[in-house]
$ cat coords-v3.txt   # compact mmCIF, C-alpha atoms
# COMPACT_ATOMS: atom_id res chain seq x y z
CA MET A 111 -24.97 -49.62 -36.58
CA THR A 112 -27.17 -47.25 -34.58
CA GLN A 113 -26.15 -43.60 -34.40
CA PHE A 114 -26.63 -41.19 -31.51
CA ASP A 115 -25.60 -37.65 -30.74
CA ILE A 116 -24.45 -38.71 -27.28
CA ILE A 117 -23.69 -42.11 -25.81
CA VAL A 118 -23.71 -42.14 -22.02
CA VAL A 119 -21.81 -45.07 -20.52
CA GLY A 120 -23.21 -45.78 -17.06
CA SER A 121 -26.66 -44.89 -15.74
CA GLY A 122 -26.05 -44.01 -12.11
CA PRO A 123 -26.81 -40.46 -10.93
CA ALA A 124 -24.13 -38.93 -13.20
CA GLY A 125 -25.19 -40.83 -16.31
CA SER A 126 -28.90 -40.35 -15.79
CA ALA A 127 -28.38 -36.62 -15.14
CA ALA A 128 -26.32 -36.39 -18.32
CA ALA A 129 -28.98 -38.18 -20.35
CA VAL A 130 -31.86 -36.05 -19.06
CA THR A 131 -29.92 -32.83 -19.65
CA ALA A 132 -28.92 -33.84 -23.19
CA LEU A 133 -32.51 -34.72 -24.03
CA LYS A 134 -33.59 -31.21 -23.00
CA HIS A 135 -31.38 -29.98 -25.84
CA GLY A 136 -33.19 -32.20 -28.33
CA LEU A 137 -30.25 -34.58 -28.77
CA SER A 138 -30.50 -38.32 -29.33
CA VAL A 139 -29.11 -40.26 -26.38
CA ALA A 140 -28.19 -43.88 -25.73
CA ILE A 141 -27.48 -45.18 -22.23
CA VAL A 142 -25.14 -48.16 -21.98
CA ASP A 143 -24.84 -49.99 -18.66
CA LYS A 144 -23.39 -53.38 -17.85
CA ALA A 145 -26.13 -53.90 -15.25
CA THR A 146 -29.90 -53.96 -15.41
CA PHE A 147 -31.92 -51.89 -12.97
CA PRO A 148 -32.45 -52.08 -10.09
CA ARG A 149 -28.90 -53.01 -9.12
CA ASP A 150 -26.89 -52.75 -5.90
CA LYS A 151 -24.31 -50.05 -5.22
CA LEU A 152 -21.90 -49.69 -2.30
CA CYS A 153 -22.87 -46.32 -0.84
CA GLY A 154 -24.11 -45.08 2.51
CA GLY A 155 -27.04 -43.49 0.74
CA LEU A 156 -26.78 -40.13 2.51
CA PHE A 157 -28.71 -37.67 0.36
CA THR A 158 -27.67 -34.17 1.34
CA GLY A 159 -29.35 -30.83 0.84
CA ARG A 160 -26.98 -30.23 -2.06
CA SER A 161 -28.09 -33.51 -3.63
CA GLN A 162 -31.71 -32.52 -3.19
CA MET A 163 -31.12 -29.21 -4.98
CA ALA A 164 -29.32 -30.96 -7.84
CA MET A 165 -32.03 -33.59 -8.25
CA THR A 166 -34.79 -30.98 -8.30
CA SER A 167 -32.94 -28.78 -10.77
CA ILE A 168 -32.00 -31.57 -13.19
CA PHE A 169 -34.82 -34.09 -12.89
CA GLY A 170 -37.67 -31.98 -11.51
CA LEU A 171 -38.00 -34.47 -8.65
CA ASP A 172 -38.21 -33.81 -4.93
CA VAL A 173 -37.64 -35.82 -1.78
CA THR A 174 -40.59 -38.08 -0.96
CA PRO A 175 -41.27 -40.34 2.05
CA GLU A 176 -41.55 -43.32 -0.27
CA MET A 177 -37.90 -43.04 -1.38
CA PHE A 178 -36.23 -41.28 1.56
CA LEU A 179 -35.99 -41.33 5.33
CA THR A 180 -35.38 -37.80 6.65
CA SER A 181 -33.29 -37.05 9.74
CA THR A 182 -32.37 -33.80 11.50
CA HIS A 183 -30.10 -35.54 14.02
CA MET A 184 -26.34 -35.80 13.42
CA ARG A 185 -23.89 -37.53 15.73
CA PHE A 186 -20.07 -37.46 15.46
CA SER A 187 -17.65 -39.68 17.35
CA ALA A 188 -14.04 -40.88 17.46
CA LYS A 189 -13.58 -44.58 18.21
CA GLY A 190 -17.07 -44.56 19.69
CA LYS A 191 -16.41 -41.61 21.98
CA PRO A 192 -18.95 -38.84 21.31
CA ILE A 193 -17.53 -35.61 19.88
CA ALA A 194 -20.76 -33.86 18.97
CA ASP A 195 -24.46 -34.67 19.14
CA ILE A 196 -26.59 -32.27 17.12
CA PRO A 197 -30.34 -32.91 17.33
CA ASN A 198 -31.29 -29.83 15.26
CA ALA A 199 -29.14 -30.35 12.17
CA PRO A 200 -30.29 -29.31 8.69
CA PRO A 201 -32.44 -32.05 7.14
CA MET A 202 -30.55 -34.97 5.65
CA HIS A 203 -32.22 -37.72 3.67
CA LEU A 204 -31.28 -41.36 3.48
CA THR A 205 -32.07 -43.69 0.63
CA MET A 206 -31.26 -47.12 -0.75
CA ARG A 207 -29.10 -46.62 -3.83
CA ARG A 208 -30.68 -49.67 -5.45
CA ASP A 209 -34.05 -47.89 -5.55
CA PHE A 210 -32.76 -44.34 -6.04
CA ASP A 211 -30.58 -45.12 -9.05
CA ALA A 212 -33.40 -47.14 -10.64
CA MET A 213 -35.70 -44.13 -10.25
CA LEU A 214 -33.25 -41.76 -11.99
CA HIS A 215 -32.56 -44.29 -14.75
CA ALA A 216 -36.30 -44.65 -15.36
CA GLU A 217 -36.60 -40.87 -15.61
CA ALA A 218 -33.94 -40.78 -18.32
CA VAL A 219 -35.58 -43.61 -20.30
CA ASN A 220 -39.08 -42.15 -19.92
CA LYS A 221 -37.81 -38.86 -21.32
CA GLY A 222 -36.40 -40.56 -24.42
CA ALA A 223 -33.00 -42.10 -23.73
CA VAL A 224 -32.53 -45.46 -25.47
CA PRO A 225 -31.25 -48.08 -22.97
CA TYR A 226 -28.69 -50.76 -23.76
CA LEU A 227 -28.51 -52.71 -20.52
CA GLY A 228 -26.94 -55.91 -19.28
CA SER A 229 -24.04 -55.91 -21.74
CA PRO A 230 -20.89 -53.88 -20.98
CA ALA A 231 -18.86 -51.90 -23.48
CA THR A 232 -15.85 -53.94 -24.60
CA GLU A 233 -14.30 -51.68 -27.22
CA ILE A 234 -14.23 -47.94 -27.88
CA SER A 235 -12.79 -46.45 -31.05
CA GLU A 236 -12.08 -42.73 -30.96
CA ALA A 237 -11.12 -42.85 -34.64
CA THR A 238 -14.49 -44.18 -35.83
CA LYS A 239 -16.46 -42.89 -32.80
CA THR A 240 -17.98 -46.26 -32.09
CA VAL A 241 -18.71 -48.34 -29.00
CA THR A 242 -18.96 -52.12 -29.23
CA LEU A 243 -20.87 -54.02 -26.57
CA LYS A 244 -20.20 -57.52 -25.33
CA ASN A 245 -23.34 -58.78 -27.09
CA GLY A 246 -21.95 -57.60 -30.43
CA VAL A 247 -24.04 -54.43 -30.80
CA THR A 248 -22.10 -51.47 -32.20
CA LEU A 249 -23.20 -47.89 -31.58
CA SER A 250 -21.79 -44.67 -33.02
CA TYR A 251 -21.64 -41.27 -31.35
CA GLN A 252 -20.76 -37.65 -31.90
CA THR A 253 -19.78 -37.25 -28.25
CA MET A 254 -19.54 -39.62 -25.31
CA ILE A 255 -20.04 -39.15 -21.57
CA ALA A 256 -18.33 -41.69 -19.33
CA ALA A 257 -20.28 -42.13 -16.10
CA ASP A 258 -19.34 -45.75 -15.51
CA GLY A 259 -18.01 -45.47 -11.98
CA VAL A 260 -14.69 -45.75 -10.23
CA ASN A 261 -13.60 -48.75 -12.35
CA SER A 262 -14.51 -46.87 -15.53
CA PHE A 263 -13.88 -48.87 -18.70
CA VAL A 264 -13.82 -45.61 -20.66
CA ALA A 265 -11.11 -44.14 -18.38
CA ARG A 266 -9.06 -47.32 -18.74
CA THR A 267 -9.38 -47.09 -22.51
CA LEU A 268 -8.31 -43.45 -22.63
CA PHE A 269 -5.66 -43.38 -19.93
CA GLY A 270 -4.51 -46.95 -19.29
CA ARG A 271 -6.09 -47.26 -15.86
CA ALA A 272 -9.11 -45.90 -14.08
CA PHE A 273 -7.34 -44.76 -10.89
CA ASP A 274 -4.21 -45.00 -8.75
CA PRO A 275 -4.99 -47.52 -5.98
CA ASP A 276 -2.42 -45.93 -3.66
CA LYS A 277 -4.16 -42.57 -3.73
CA ILE A 278 -7.85 -43.34 -3.53
CA ALA A 279 -9.89 -44.96 -0.80
CA PHE A 280 -11.29 -48.41 -0.23
CA GLY A 281 -14.57 -49.01 1.56
CA LEU A 282 -16.47 -51.89 3.13
CA GLU A 283 -20.17 -51.93 3.94
CA ILE A 284 -23.03 -54.04 5.22
CA GLU A 285 -26.79 -53.64 5.48
CA THR A 286 -27.62 -54.80 9.00
CA PRO A 287 -30.98 -55.07 10.78
CA MET A 288 -31.98 -51.96 12.71
CA GLN A 289 -31.37 -52.39 16.43
CA PRO A 290 -34.43 -52.01 18.68
CA GLY A 291 -34.58 -48.53 20.16
CA ARG A 292 -31.98 -47.08 17.81
CA ASP A 293 -32.84 -43.47 16.94
CA ASN A 294 -32.64 -42.08 13.41
CA ALA A 295 -29.42 -40.11 13.99
CA VAL A 296 -26.95 -40.02 11.12
CA GLU A 297 -23.63 -41.12 12.65
CA ALA A 298 -20.04 -40.61 11.50
CA ASP A 299 -16.87 -41.74 13.27
CA PHE A 300 -13.63 -39.96 12.38
CA ASP A 301 -11.45 -42.76 13.78
CA ALA A 302 -13.04 -45.83 12.21
CA ALA A 303 -10.29 -45.89 9.56
CA HIS A 304 -7.05 -44.01 8.95
CA TRP A 305 -7.53 -40.95 6.75
CA GLY A 306 -11.20 -41.79 6.49
CA TYR A 307 -14.27 -42.45 8.59
CA GLY A 308 -17.05 -44.84 9.45
CA TRP A 309 -20.75 -44.33 8.87
CA SER A 310 -23.89 -45.67 10.45
CA PHE A 311 -26.91 -44.47 8.48
CA PRO A 312 -30.49 -45.44 9.38
CA LYS A 313 -32.88 -46.54 6.67
CA LYS A 314 -36.52 -47.51 6.94
CA LYS A 315 -35.80 -51.15 7.77
CA THR A 316 -32.03 -51.46 8.05
CA LEU A 317 -28.85 -49.71 9.15
CA THR A 318 -26.13 -49.10 6.57
CA VAL A 319 -22.76 -49.52 8.28
CA GLY A 320 -19.43 -48.98 6.60
CA VAL A 321 -15.86 -47.75 6.82
CA ALA A 322 -13.61 -46.15 4.21
CA GLY A 323 -10.13 -44.69 4.18
CA ILE A 324 -7.17 -44.05 1.93
CA ASN A 325 -6.22 -47.51 0.66
CA SER A 326 -2.45 -47.20 1.16
CA ARG A 327 -2.89 -46.04 4.79
CA ASN A 328 -5.07 -48.94 5.92
CA GLU A 329 -3.32 -52.29 6.00
CA SER A 330 -6.34 -54.12 7.36
CA MET A 331 -9.61 -52.51 6.41
CA LYS A 332 -11.44 -55.68 7.38
CA ALA A 333 -10.19 -55.32 10.95
CA ASN A 334 -11.33 -51.68 10.95
CA MET A 335 -14.72 -52.77 9.69
CA ALA A 336 -15.11 -55.57 12.22
CA ALA A 337 -14.33 -53.18 15.07
CA TYR A 338 -16.78 -50.58 13.80
CA VAL A 339 -19.62 -53.05 13.18
CA ASP A 340 -19.18 -54.30 16.74
CA GLN A 341 -19.05 -50.70 18.02
CA VAL A 342 -22.41 -49.75 16.48
CA GLY A 343 -24.09 -53.04 17.36
CA GLY A 344 -24.38 -54.41 13.83
CA ASP A 345 -24.61 -58.06 12.83
CA THR A 346 -20.98 -59.23 12.90
CA SER A 347 -21.79 -62.37 10.88
CA LEU A 348 -22.72 -60.49 7.70
CA LYS A 349 -20.41 -60.62 4.68
CA TYR A 350 -18.88 -57.27 3.71
CA LYS A 351 -19.30 -55.60 0.32
CA GLY A 352 -16.11 -53.85 -0.80
CA GLN A 353 -15.22 -51.27 -3.42
CA TYR A 354 -12.66 -48.61 -4.24
CA LEU A 355 -13.96 -45.12 -3.53
CA PRO A 356 -12.47 -42.30 -5.58
CA PHE A 357 -12.25 -39.53 -3.02
CA GLY A 358 -9.14 -37.42 -2.75
CA ASP A 359 -7.60 -37.93 -6.18
CA TYR A 360 -9.85 -36.49 -8.85
CA ARG A 361 -8.76 -36.78 -12.48
CA LYS A 362 -7.14 -33.49 -13.48
CA GLN A 363 -8.01 -33.99 -17.17
CA PRO A 364 -11.39 -35.78 -17.15
CA GLY A 365 -11.70 -36.42 -20.83
CA ARG A 366 -10.22 -36.05 -24.28
CA GLY A 367 -11.63 -34.75 -27.54
CA ALA A 368 -15.24 -35.85 -27.90
CA ILE A 369 -15.21 -37.88 -24.64
CA VAL A 370 -15.76 -36.46 -21.14
CA LEU A 371 -15.85 -38.13 -17.73
CA ALA A 372 -18.34 -37.38 -14.95
CA GLY A 373 -19.11 -38.54 -11.42
CA ASP A 374 -17.03 -41.37 -9.97
CA ALA A 375 -15.40 -41.96 -13.36
CA ALA A 376 -13.76 -38.55 -12.90
CA ALA A 377 -13.23 -39.24 -9.16
CA LEU A 378 -15.46 -36.35 -8.13
CA VAL A 379 -16.06 -37.31 -4.51
CA ASP A 380 -15.56 -35.05 -1.49
CA PRO A 381 -12.80 -36.59 0.72
CA ILE A 382 -14.25 -35.09 3.92
CA THR A 383 -18.03 -35.28 3.71
CA GLY A 384 -18.08 -38.24 1.33
CA GLU A 385 -20.47 -36.28 -0.91
CA GLY A 386 -20.59 -38.00 -4.26
CA ILE A 387 -24.23 -38.11 -5.37
CA ALA A 388 -24.60 -34.34 -5.76
CA LEU A 389 -21.26 -34.02 -7.54
CA ALA A 390 -22.25 -36.89 -9.84
CA MET A 391 -25.50 -35.24 -10.87
CA GLU A 392 -23.90 -31.79 -11.22
CA SER A 393 -20.98 -33.06 -13.29
CA GLY A 394 -23.25 -35.26 -15.41
CA ALA A 395 -25.41 -32.26 -16.27
CA ALA A 396 -22.30 -30.15 -16.95
CA ALA A 397 -20.94 -32.87 -19.26
CA ALA A 398 -24.16 -32.93 -21.25
CA GLU A 399 -24.20 -29.14 -21.56
CA ALA A 400 -20.62 -29.23 -22.85
CA CYS A 401 -21.41 -31.95 -25.39
CA ALA A 402 -24.52 -30.11 -26.55
CA GLU A 403 -22.50 -26.94 -27.03
CA ALA A 404 -19.86 -28.79 -29.06
CA ILE A 405 -22.45 -30.53 -31.23
CA GLN A 406 -24.35 -27.31 -31.86
CA ALA A 407 -21.06 -25.71 -32.96
CA LYS A 408 -20.59 -28.66 -35.35
CA ALA A 409 -17.34 -29.44 -33.55
CA PRO A 410 -18.01 -32.53 -31.37
CA ASP A 411 -14.29 -33.10 -30.84
CA THR A 412 -14.23 -29.91 -28.74
CA ALA A 413 -16.58 -31.37 -26.10
CA PHE A 414 -13.78 -31.72 -23.55
CA GLN A 415 -12.68 -28.12 -24.11
CA HIS A 416 -16.24 -27.01 -23.35
CA TYR A 417 -16.38 -29.28 -20.31
CA LYS A 418 -13.20 -28.13 -18.58
CA PRO A 419 -14.45 -24.72 -17.40
CA ARG A 420 -17.77 -26.27 -16.36
CA VAL A 421 -16.21 -28.93 -14.13
CA ARG A 422 -13.41 -26.74 -12.76
CA PRO A 423 -15.51 -25.24 -9.90
CA ILE A 424 -16.09 -28.76 -8.55
CA GLN A 425 -12.38 -29.55 -8.85
CA LYS A 426 -11.48 -26.36 -6.98
CA GLU A 427 -13.82 -27.37 -4.15
CA LEU A 428 -12.09 -30.75 -3.97
CA ASP A 429 -8.69 -29.03 -3.84
CA GLN A 430 -9.85 -27.07 -0.82
CA ALA A 431 -11.39 -30.16 0.76
CA CYS A 432 -8.03 -31.94 0.49
CA ARG A 433 -6.38 -29.06 2.38
CA TRP A 434 -8.92 -29.43 5.17
CA ARG A 435 -8.37 -33.18 5.13
CA MET A 436 -4.72 -32.55 5.97
CA LEU A 437 -5.85 -30.74 9.12
CA MET A 438 -8.36 -33.43 10.02
CA PHE A 439 -6.31 -36.58 9.48
CA HIS A 440 -2.58 -35.78 9.60
CA PRO A 441 -1.13 -37.44 12.75
CA ALA A 442 0.34 -34.12 13.88
CA THR A 443 -2.96 -32.25 13.75
CA GLU A 444 -5.85 -34.71 13.99
CA GLY A 445 -6.02 -34.38 17.78
CA HIS A 446 -6.14 -30.60 17.44
CA PHE A 447 -8.97 -30.84 14.93
CA LYS A 448 -11.06 -33.21 17.04
CA LYS A 449 -10.75 -30.97 20.08
CA ALA A 450 -11.65 -27.90 18.03
CA PHE A 451 -14.62 -29.76 16.54
CA GLN A 452 -15.76 -30.95 19.95
CA ARG A 453 -15.53 -27.48 21.47
CA GLY A 454 -16.77 -25.43 18.57
CA SER A 455 -20.43 -25.44 17.67
CA ALA A 456 -19.59 -22.98 14.86
CA LEU A 457 -17.24 -25.53 13.26
CA GLN A 458 -19.86 -28.25 13.63
CA MET A 459 -22.50 -26.11 11.94
CA LYS A 460 -20.12 -25.20 9.10
CA TYR A 461 -19.65 -28.92 8.45
CA LEU A 462 -23.41 -29.40 8.38
CA ASP A 463 -23.81 -26.37 6.13
CA LEU A 464 -21.44 -28.05 3.66
CA LEU A 465 -23.67 -31.11 3.61
CA ALA A 466 -26.78 -28.99 3.26
CA GLY A 467 -25.35 -27.11 0.29
CA ARG A 468 -25.56 -23.83 2.20
CA ALA A 469 -21.79 -23.32 2.34
CA SER A 470 -18.71 -24.11 0.27
CA TYR A 471 -15.09 -24.71 1.20
CA GLY A 472 -14.44 -21.19 0.01
CA ASP A 473 -16.53 -19.99 2.95
CA LEU A 474 -14.11 -21.81 5.27
CA ARG A 475 -10.97 -20.45 3.60
CA TRP A 476 -10.14 -17.87 6.27
CA ALA A 477 -10.67 -20.36 9.07
CA LEU A 478 -8.07 -22.59 7.41
CA ILE A 479 -5.63 -19.73 6.76
CA LYS A 480 -5.71 -18.77 10.44
CA ARG A 481 -4.75 -22.32 11.36
CA ILE A 482 -1.88 -22.69 8.87
CA PRO A 483 0.96 -21.40 11.13
CA LYS A 484 -0.03 -23.73 13.96
CA LEU A 485 -0.61 -26.55 11.47
CA ILE A 486 2.89 -26.16 9.99
CA TRP A 487 4.50 -26.01 13.45
CA ARG A 488 2.73 -29.19 14.55
CA MET A 489 3.83 -30.98 11.37
CA VAL A 490 7.46 -29.91 11.89
CA LYS A 491 7.40 -31.16 15.48
CA HIS A 492 5.85 -34.42 14.30
CA ARG A 493 8.56 -34.86 11.65
CA LEU A 494 11.29 -34.19 14.27
CA GLY A 495 9.80 -36.71 16.68
CA PHE A 496 8.50 -34.36 19.38
CA PRO A 497 5.62 -35.83 21.40
CA GLN A 498 2.20 -34.66 20.30
CA PRO A 499 -0.55 -33.61 22.71
CA ASN A 500 -3.45 -36.00 23.08
$ encode --input "coords-v3.txt" --output "structure tokens"
Amino acid sequence: MTQFDIIVVGSGPAGSAAAVTALKHGLSVAIVDKATFPRDKLCGGLFTGRSQMAMTSIFGLDVTPEMFLTSTHMRFSAKGKPIADIPNAPPMHLTMRRDFDAMLHAEAVNKGAVPYLGSPATEISEATKTVTLKNGVTLSYQTMIAADGVNSFVARTLFGRAFDPDKIAFGLEIETPMQPGRDNAVEADFDAAHWGYGWSFPKKKTLTVGVAGINSRNESMKANMAAYVDQVGGDTSLKYKGQYLPFGDYRKQPGRGAIVLAGDAAALVDPITGEGIALAMESGAAAAEACAEAIQAKAPDTAFQHYKPRVRPIQKELDQACRWRMLMFHPATEGHFKKAFQRGSALQMKYLDLLAGRASYGDLRWALIKRIPKLIWRMVKHRLGFPQPN
């Protein structure tokens, strides 16, 4: 049996950030991942200003032309109809998750994390603090950080299931050849799926096209996807990749005792902007700080208690994002939101400031409060069957 201070399950952005942060505290770290790197990941690959700040702070890395395509052009639409075209947006970077995740994983290993790849965890014992892998290897830990994605094996072990499929989203995606003459605008369509959106993100050689929405509100996501691929001029013959996406229903108690959950395993994804990479890295680092604090206090079973106040600011942001989502996607108010977004350059820039990491949902609180009376009235009229304005 091999012993470690911290075992990190999953080596995406959350897991790699956790590993690097733990190593800074002089702790021994093992990274367990069912895959080997590089590996594919369903994700639009939009790397926001907030993600850039997190990566620089945690890994000491910066955006480079080799890994990222940078765009300052943002375009919003609804069923293909333009709502806003912003050619002077804050810089956004686009990357292939296959390459990006491999880079972060390599950083963690190069700094001293011990990798156990290609064999998933099959058994976790909280009593003995051990993890058994499919290949028979058994590892022991003082604390554990679960960063193993939306289908988290650790979450299933602790709580019986990783997520509620009726509350989270489902997404489909393809990587299609870039159309001749297509600019490098980052595109989002608010009507590509119910209670969700579509994305068309340029990369150096391809265009990442996808749709996602709350699973229970989309009876035929494949039909949504087909319509959107056709709308943006993608290759309609390509096979879709599909995956649950954990936005909108974060885990209120992301851990227990010596085990904490970070990133997608804790469902820390913004339901409006789709931001997940920054929250993964931030929560991974916070998880490692909490575990280090518990270990240094010689009380590893208190790791989750140390983690709760560190992750709560992210959870509060997601609470506020869900309130805004009600305004954006509720049938009684979505038309009102789209018109306000189309007319209001200030609202457009606030959205972009969120992506850039220059604003939080707290900065938008008063704008939401001012809309609450009208929002409630529209919802009442909708419930009573009054016709809604287009």
$ closest_residue --input "coords-v3.txt" --among "A:Met288, A:Thr166, A:Pro312, A:Ile116" --to "Phe178 in chain A" --atoms "all atoms listed in the file"
A:Pro312
$ residues_around --input "coords-v3.txt" --residues "Asp276 in chain A" --least-positions-apart "2" --cutoff "9 Å" --atoms "all atoms listed in the file" --output "list in words"
Phe273, Asp274, Ile278, Ala279, Ile324, Asn325, Ser326 and Arg327 of chain A
$ closest_residue --input "coords-v3.txt" --among "A:Gly155, A:Pro410, A:Gly373, A:Gly358" --to "Lys239 in chain A" --atoms "only C-alpha atoms"
A:Pro410
$ atom_distance --input "coords-v3.txt" --atom1 "CA of Ala237 in chain A" --atom2 "CA of Pro123 in chain A"
28.5 Å
$ atom_distance --input "coords-v3.txt" --atom1 "CA of Met177 in chain A" --atom2 "CA of Asp209 in chain A"
7.5 Å
$ closest_residue --input "coords-v3.txt" --among "A:Phe114, A:Tyr461, A:Phe186, A:Phe311" --to "Trp434 in chain A" --atoms "all atoms listed in the file"
A:Tyr461
$ closest_residue --input "coords-v3.txt" --among "A:Asp143, A:Ala188, A:Met165, A:Tyr251" --to "Phe451 in chain A" --atoms "all atoms listed in the file"
A:Ala188
$ closest_residue --input "coords-v3.txt" --among "A:Gly467, A:Gly159, A:Gly190, A:Pro381" --to "Ala298 in chain A" --atoms "only C-alpha atoms"
A:Gly190
$ closest_residue --input "coords-v3.txt" --among "A:Gly270, A:Asp374, A:Ser235, A:Ala368" --to "Ser121 in chain A" --atoms "only C-alpha atoms"
A:Asp374
$ residues_around --input "coords-v3.txt" --residues "Ala212 in chain A" --least-positions-apart "2" --cutoff "6 Å" --atoms "all atoms listed in the file" --output "ChimeraX atom specification"
/A:147-148,209-210,214-215
$ residues_near_point --input "coords-v3.txt" --point "(-9.4, -49.1, 2.8)" --cutoff "10 Å" --atoms "all atoms listed in the file" --output "VMD selection string"
chain A and resid 275 278 to 282 303 to 306 321 to 332 334 to 335 352 to 355
$ atom_distance --input "coords-v3.txt" --atom1 "CA of Ser167 in chain A" --atom2 "CA of Met202 in chain A"
17.7 Å
$ build_atoms --input "coords-v3.txt" --residues "range 144-160 of chain A" --atoms "N, CA and C atoms" --output "PDB file, in the frame of the given file"
ATOM      1  N   LYS A 144     -23.626 -51.941 -17.943  1.00  0.00           N
ATOM      2  CA  LYS A 144     -23.390 -53.380 -17.850  1.00  0.00           C
ATOM      3  C   LYS A 144     -24.431 -54.077 -17.003  1.00  0.00           C
ATOM      4  N   ALA A 145     -25.120 -53.324 -16.144  1.00  0.00           N
ATOM      5  CA  ALA A 145     -26.130 -53.900 -15.250  1.00  0.00           C
ATOM      6  C   ALA A 145     -27.521 -53.645 -15.819  1.00  0.00           C
ATOM      7  N   THR A 146     -28.499 -54.311 -15.222  1.00  0.00           N
ATOM      8  CA  THR A 146     -29.900 -53.960 -15.410  1.00  0.00           C
ATOM      9  C   THR A 146     -30.388 -53.368 -14.105  1.00  0.00           C
ATOM     10  N   PHE A 147     -31.439 -52.581 -14.163  1.00  0.00           N
ATOM     11  CA  PHE A 147     -31.920 -51.890 -12.970  1.00  0.00           C
ATOM     12  C   PHE A 147     -33.210 -52.520 -12.475  1.00  0.00           C
ATOM     13  N   PRO A 148     -33.338 -52.599 -11.139  1.00  0.00           N
ATOM     14  CA  PRO A 148     -32.450 -52.080 -10.090  1.00  0.00           C
ATOM     15  C   PRO A 148     -31.215 -52.955  -9.902  1.00  0.00           C
ATOM     16  N   ARG A 149     -30.129 -52.300  -9.427  1.00  0.00           N
ATOM     17  CA  ARG A 149     -28.900 -53.010  -9.120  1.00  0.00           C
ATOM     18  C   ARG A 149     -28.291 -52.412  -7.856  1.00  0.00           C
ATOM     19  N   ASP A 150     -27.464 -53.192  -7.173  1.00  0.00           N
ATOM     20  CA  ASP A 150     -26.890 -52.750  -5.900  1.00  0.00           C
ATOM     21  C   ASP A 150     -25.688 -51.842  -6.135  1.00  0.00           C
ATOM     22  N   LYS A 151     -25.423 -50.985  -5.154  1.00  0.00           N
ATOM     23  CA  LYS A 151     -24.310 -50.050  -5.220  1.00  0.00           C
ATOM     24  C   LYS A 151     -23.798 -49.803  -3.808  1.00  0.00           C
ATOM     25  N   LEU A 152     -22.464 -49.968  -3.611  1.00  0.00           N
ATOM     26  CA  LEU A 152     -21.900 -49.690  -2.300  1.00  0.00           C
ATOM     27  C   LEU A 152     -21.919 -48.179  -2.080  1.00  0.00           C
ATOM     28  N   CYS A 153     -22.729 -47.744  -1.130  1.00  0.00           N
ATOM     29  CA  CYS A 153     -22.870 -46.320  -0.840  1.00  0.00           C
ATOM     30  C   CYS A 153     -23.715 -46.189   0.415  1.00  0.00           C
ATOM     31  N   GLY A 154     -23.331 -45.284   1.291  1.00  0.00           N
ATOM     32  CA  GLY A 154     -24.110 -45.080   2.510  1.00  0.00           C
ATOM     33  C   GLY A 154     -25.510 -44.584   2.249  1.00  0.00           C
ATOM     34  N   GLY A 155     -25.707 -43.954   1.082  1.00  0.00           N
ATOM     35  CA  GLY A 155     -27.040 -43.490   0.740  1.00  0.00           C
ATOM     36  C   GLY A 155     -27.447 -42.211   1.445  1.00  0.00           C
ATOM     37  N   LEU A 156     -26.460 -41.417   1.902  1.00  0.00           N
ATOM     38  CA  LEU A 156     -26.780 -40.130   2.510  1.00  0.00           C
ATOM     39  C   LEU A 156     -27.063 -39.131   1.389  1.00  0.00           C
ATOM     40  N   PHE A 157     -28.246 -38.584   1.405  1.00  0.00           N
ATOM     41  CA  PHE A 157     -28.710 -37.670   0.360  1.00  0.00           C
ATOM     42  C   PHE A 157     -28.808 -36.282   0.982  1.00  0.00           C
ATOM     43  N   THR A 158     -27.822 -35.456   0.671  1.00  0.00           N
ATOM     44  CA  THR A 158     -27.670 -34.170   1.340  1.00  0.00           C
ATOM     45  C   THR A 158     -28.591 -33.113   0.732  1.00  0.00           C
ATOM     46  N   GLY A 159     -28.597 -31.948   1.386  1.00  0.00           N
ATOM     47  CA  GLY A 159     -29.350 -30.830   0.840  1.00  0.00           C
ATOM     48  C   GLY A 159     -28.851 -30.434  -0.533  1.00  0.00           C
ATOM     49  N   ARG A 160     -27.544 -30.530  -0.744  1.00  0.00           N
ATOM     50  CA  ARG A 160     -26.980 -30.230  -2.060  1.00  0.00           C
ATOM     51  C   ARG A 160     -27.478 -31.234  -3.096  1.00  0.00           C
TER      52      ARG A 160
END
